[in-house]
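Structure record follows, encoded as structure tokens.
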Amino acid sequence: MTVGGWYLRWVIPMTAVLLLSACASLPIVDYPSANQDGRVRFLVIHFTDEDFQRSLELLTRPHKNPVSAHYLVSRAGEFGGNDKPAVLRLVDESRRAWHAGPSRWQGHAQLNDDSVGIEIVYESRCPRDAAPSSPWDLEPRCAYPDFPADQIDVVTRLAQGILRRHPDIDPTRVVAHADIQPENKTDPGPKFPWKQLAAAGVGAWFDDTDVVFWRAHFAEHPPSIALMQEALAAYGYGVEAGGSADRRTRDVLFAFQSHFLPERRSGTVDADTAAALFALLAKYRAPELNQLRERNPGLPVSPRDAERTK
Ligand SMILES: [Zn+2]
């Protein structure tokens, strides 16, 4: 063996191995800063409005308008060979899924960037022949079935885990697709049991005591469109306070009512809708409610609000 052959056969490869292992074991010291937060701030709930097989295809295959979600929750018996709903992880939570579309919530836009999305297999039985100017125009012709209890149980446990992993998702940041894109979307629809989920620690719900207080106020002082626009925006909705009952305001009111007052879906302002909205602001968005009071001095302070701000 020549020196050159020995050199080529042993020295160069060994040097390469040593260099590679030095790179692989580059020492990095964990020294956590106090100044950081999570990248995920929102949890968005959807229904697929398709059966399981079609939902899975649409959410996982290449398409000219590709969509996905982090999780797909089936109905019982649709996947996995048993009689339980299954949870399929389609996209890791550390990566963006494409479920939120051109969306707005609490001053954030394009919520794909900082949300986790759950799609639930569910069929709304809305007519598909019409192309209405607003999706809410179809509501009277939809036949929304109840969500199966075992499917909701699975969604609840899945959401509880997501909230544990991403503590920046406060209750007002667990939203319907309809809340963040009300001009195009109505999911997860009026039968989704938001109150039940809130009782399990997932998302927001108002306290009845606050609702009683605010309903009494708004029965005497009917809320203006401008006040409702301001209040909806203070809660998170993407609506401007222009003061006119435009289509955007109607879509946002429908989305709010579908979430919190499903029996009162009208797209118009009434005392019950105002009471629910202000009860939510009082419970979860006190600083924003105080700013509203500064601009609207007629808004009262309830004894509970006074307690909360002590
Ligand atoms: Zn959706």
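By convention here, the chains of the structure tokens are called A, B, ... in the order presented, each chain's residues are numbered starting at 1, and ligands are numbered starting at 1 in the order presented.
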Neighbours of ligand 1 within 7 Å, counting only C-alpha atoms and all ligand atoms, as a list of chain:residue names?
-> A:His46, A:Phe47, A:Thr48, A:His99, A:Ala100, A:His177, A:Lys185, A:Asp187, A:Pro188
Output of the above residues as a short mmCIF file (atom, residue, chain, number, x, y, z; two decimals), in the first residue's frame, restricted to C-alpha atoms:
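File produced: selection.cif:
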```cif
data_model
loop_
_atom_site.label_atom_id
_atom_site.label_comp_id
_atom_site.auth_asym_id
_atom_site.auth_seq_id
_atom_site.Cartn_x
_atom_site.Cartn_y
_atom_site.Cartn_z
CA HIS A 46 -64.83 23.78 12.13
CA PHE A 47 -67.22 21.28 10.66
CA THR A 48 -66.32 19.66 7.37
CA HIS A 99 -57.95 26.05 7.59
CA ALA A 100 -58.65 29.66 8.56
CA HIS A 177 -64.59 29.50 11.84
CA LYS A 185 -68.37 30.57 6.74
CA ASP A 187 -69.28 26.44 10.75
CA PRO A 188 -69.37 24.74 13.20
#
```
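Using only C-alpha atoms, the protein and nucleic acid residues lying no more than 8 Å from A:Arg104, apart from those fewer than 5 places from it along its own chain, are Ala109, Gln110, Leu111, Ile180, Gln181, Tyr237 and Gly238 of chain A.
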What residues in stretch 99-228 of chain A get the DSSP label helix (DSSP H, G or I)? Please answer as a PyMOL selection string.
-> chain A and resi 111-114+135-141+149-165+171-173+177-180+194-199+208-220+225-228
Excluding stretch 139-145 of chain A and any residue of its chain fewer than 2 positions from it, enumerate the residues within 7 Å of it, using only C-alpha atoms, and give them as a PyMOL selection string.
-> chain A and resi 124-127+136-137+147+191
With C-alpha atoms kept, could you save the residues just selected as a PDB file, in the first residue's frame?
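The resulting file, result29.pdb, is shown below:
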```pdb
ATOM      1  CA  SER A 124     -75.220  20.457   7.926  1.00  0.00           C
ATOM      2  CA  ARG A 125     -77.614  19.443   5.162  1.00  0.00           C
ATOM      3  CA  CYS A 126     -77.682  22.961   3.764  1.00  0.00           C
ATOM      4  CA  PRO A 127     -78.800  23.221   0.134  1.00  0.00           C
ATOM      5  CA  TRP A 136     -76.281  33.098   6.378  1.00  0.00           C
ATOM      6  CA  ASP A 137     -79.072  33.480   3.792  1.00  0.00           C
ATOM      7  CA  PHE A 147     -73.572  16.538  17.278  1.00  0.00           C
ATOM      8  CA  LYS A 191     -75.786  23.042  17.208  1.00  0.00           C
TER       9      LYS A 191
END
```
Which neighbours of stretch 79-95 of chain A fall inside 9 Å, counting only C-alpha atoms, when residues of the same chain fewer than 6 positions from it are skipped, and could you give them as an MDAnalysis selection string?
-> chainID A and resid 39:40 52 59:60 68:73 113 115:117 150:151 154:155 158 162
Taking only C-alpha atoms into account, which of A:Phe254, A:Thr309, A:Arg75, A:Ser33 comes nearest A:Glu119?
-> A:Arg75
Using DSSP assignments from the backbone, pull out every residue in stretch 43-263 of chain A that falls under strand (DSSP E) and give it to me as a PDB file with N, CA and C atoms, in the first residue's frame.
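Output saved as selection13.pdb:
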```pdb
ATOM      1  N   LEU A  43     -57.567  28.850  18.855  1.00  0.00           N
ATOM      2  CA  LEU A  43     -58.062  27.516  18.496  1.00  0.00           C
ATOM      3  C   LEU A  43     -59.335  27.721  17.682  1.00  0.00           C
ATOM      4  N   VAL A  44     -59.355  27.196  16.482  1.00  0.00           N
ATOM      5  CA  VAL A  44     -60.485  27.397  15.566  1.00  0.00           C
ATOM      6  C   VAL A  44     -61.211  26.066  15.371  1.00  0.00           C
ATOM      7  N   ILE A  45     -62.538  26.115  15.587  1.00  0.00           N
ATOM      8  CA  ILE A  45     -63.363  24.913  15.457  1.00  0.00           C
ATOM      9  C   ILE A  45     -64.156  24.982  14.144  1.00  0.00           C
ATOM     10  N   HIS A  46     -64.149  23.866  13.424  1.00  0.00           N
ATOM     11  CA  HIS A  46     -64.834  23.783  12.126  1.00  0.00           C
ATOM     12  C   HIS A  46     -65.733  22.547  12.077  1.00  0.00           C
ATOM     13  N   PHE A  47     -66.687  22.564  11.158  1.00  0.00           N
ATOM     14  CA  PHE A  47     -67.215  21.284  10.664  1.00  0.00           C
ATOM     15  C   PHE A  47     -66.864  21.149   9.194  1.00  0.00           C
ATOM     16  N   TYR A  71     -56.253  18.661  13.117  1.00  0.00           N
ATOM     17  CA  TYR A  71     -56.930  17.435  13.546  1.00  0.00           C
ATOM     18  C   TYR A  71     -58.249  17.275  12.800  1.00  0.00           C
ATOM     19  N   LEU A  72     -58.587  16.006  12.564  1.00  0.00           N
ATOM     20  CA  LEU A  72     -59.908  15.651  12.039  1.00  0.00           C
ATOM     21  C   LEU A  72     -60.535  14.686  13.035  1.00  0.00           C
ATOM     22  N   VAL A  73     -61.739  15.010  13.485  1.00  0.00           N
ATOM     23  CA  VAL A  73     -62.454  14.145  14.441  1.00  0.00           C
ATOM     24  C   VAL A  73     -63.600  13.477  13.699  1.00  0.00           C
ATOM     25  N   VAL A  87     -59.546  10.458  16.357  1.00  0.00           N
ATOM     26  CA  VAL A  87     -58.863  11.737  16.131  1.00  0.00           C
ATOM     27  C   VAL A  87     -57.679  11.466  15.220  1.00  0.00           C
ATOM     28  N   LEU A  88     -57.648  12.082  14.067  1.00  0.00           N
ATOM     29  CA  LEU A  88     -56.523  11.940  13.142  1.00  0.00           C
ATOM     30  C   LEU A  88     -55.725  13.235  13.154  1.00  0.00           C
ATOM     31  N   ARG A  89     -54.399  13.119  13.379  1.00  0.00           N
ATOM     32  CA  ARG A  89     -53.535  14.295  13.298  1.00  0.00           C
ATOM     33  C   ARG A  89     -53.046  14.406  11.858  1.00  0.00           C
ATOM     34  N   ARG A 104     -59.981  37.263  10.508  1.00  0.00           N
ATOM     35  CA  ARG A 104     -59.602  38.342  11.442  1.00  0.00           C
ATOM     36  C   ARG A 104     -60.159  38.018  12.820  1.00  0.00           C
ATOM     37  N   TRP A 105     -59.333  38.272  13.870  1.00  0.00           N
ATOM     38  CA  TRP A 105     -59.824  38.137  15.238  1.00  0.00           C
ATOM     39  C   TRP A 105     -58.896  38.905  16.169  1.00  0.00           C
ATOM     40  N   HIS A 108     -55.751  40.377  14.886  1.00  0.00           N
ATOM     41  CA  HIS A 108     -54.868  39.505  14.115  1.00  0.00           C
ATOM     42  C   HIS A 108     -55.557  39.160  12.798  1.00  0.00           C
ATOM     43  N   ALA A 109     -54.766  39.022  11.754  1.00  0.00           N
ATOM     44  CA  ALA A 109     -55.305  38.594  10.464  1.00  0.00           C
ATOM     45  C   ALA A 109     -54.596  37.311  10.047  1.00  0.00           C
ATOM     46  N   SER A 115     -52.700  29.692  14.773  1.00  0.00           N
ATOM     47  CA  SER A 115     -53.824  28.945  15.344  1.00  0.00           C
ATOM     48  C   SER A 115     -53.636  27.451  15.160  1.00  0.00           C
ATOM     49  N   VAL A 116     -54.407  26.706  15.954  1.00  0.00           N
ATOM     50  CA  VAL A 116     -54.588  25.272  15.728  1.00  0.00           C
ATOM     51  C   VAL A 116     -56.026  25.090  15.263  1.00  0.00           C
ATOM     52  N   GLY A 117     -56.234  24.246  14.272  1.00  0.00           N
ATOM     53  CA  GLY A 117     -57.568  24.032  13.725  1.00  0.00           C
ATOM     54  C   GLY A 117     -58.040  22.599  13.915  1.00  0.00           C
ATOM     55  N   ILE A 118     -59.292  22.471  14.379  1.00  0.00           N
ATOM     56  CA  ILE A 118     -59.933  21.153  14.504  1.00  0.00           C
ATOM     57  C   ILE A 118     -61.095  21.092  13.517  1.00  0.00           C
ATOM     58  N   GLU A 119     -61.085  20.114  12.642  1.00  0.00           N
ATOM     59  CA  GLU A 119     -62.226  19.860  11.761  1.00  0.00           C
ATOM     60  C   GLU A 119     -63.026  18.690  12.324  1.00  0.00           C
ATOM     61  N   ILE A 120     -64.338  18.861  12.387  1.00  0.00           N
ATOM     62  CA  ILE A 120     -65.230  17.825  12.903  1.00  0.00           C
ATOM     63  C   ILE A 120     -66.076  17.305  11.743  1.00  0.00           C
ATOM     64  N   VAL A 174     -60.852  30.877  21.663  1.00  0.00           N
ATOM     65  CA  VAL A 174     -61.392  29.618  21.134  1.00  0.00           C
ATOM     66  C   VAL A 174     -62.602  30.013  20.300  1.00  0.00           C
ATOM     67  N   VAL A 175     -62.467  29.922  19.001  1.00  0.00           N
ATOM     68  CA  VAL A 175     -63.447  30.570  18.123  1.00  0.00           C
ATOM     69  C   VAL A 175     -63.992  29.608  17.072  1.00  0.00           C
ATOM     70  N   ALA A 176     -65.165  29.976  16.580  1.00  0.00           N
ATOM     71  CA  ALA A 176     -65.743  29.297  15.418  1.00  0.00           C
ATOM     72  C   ALA A 176     -65.089  29.837  14.153  1.00  0.00           C
TER      73      ALA A 176
END
```
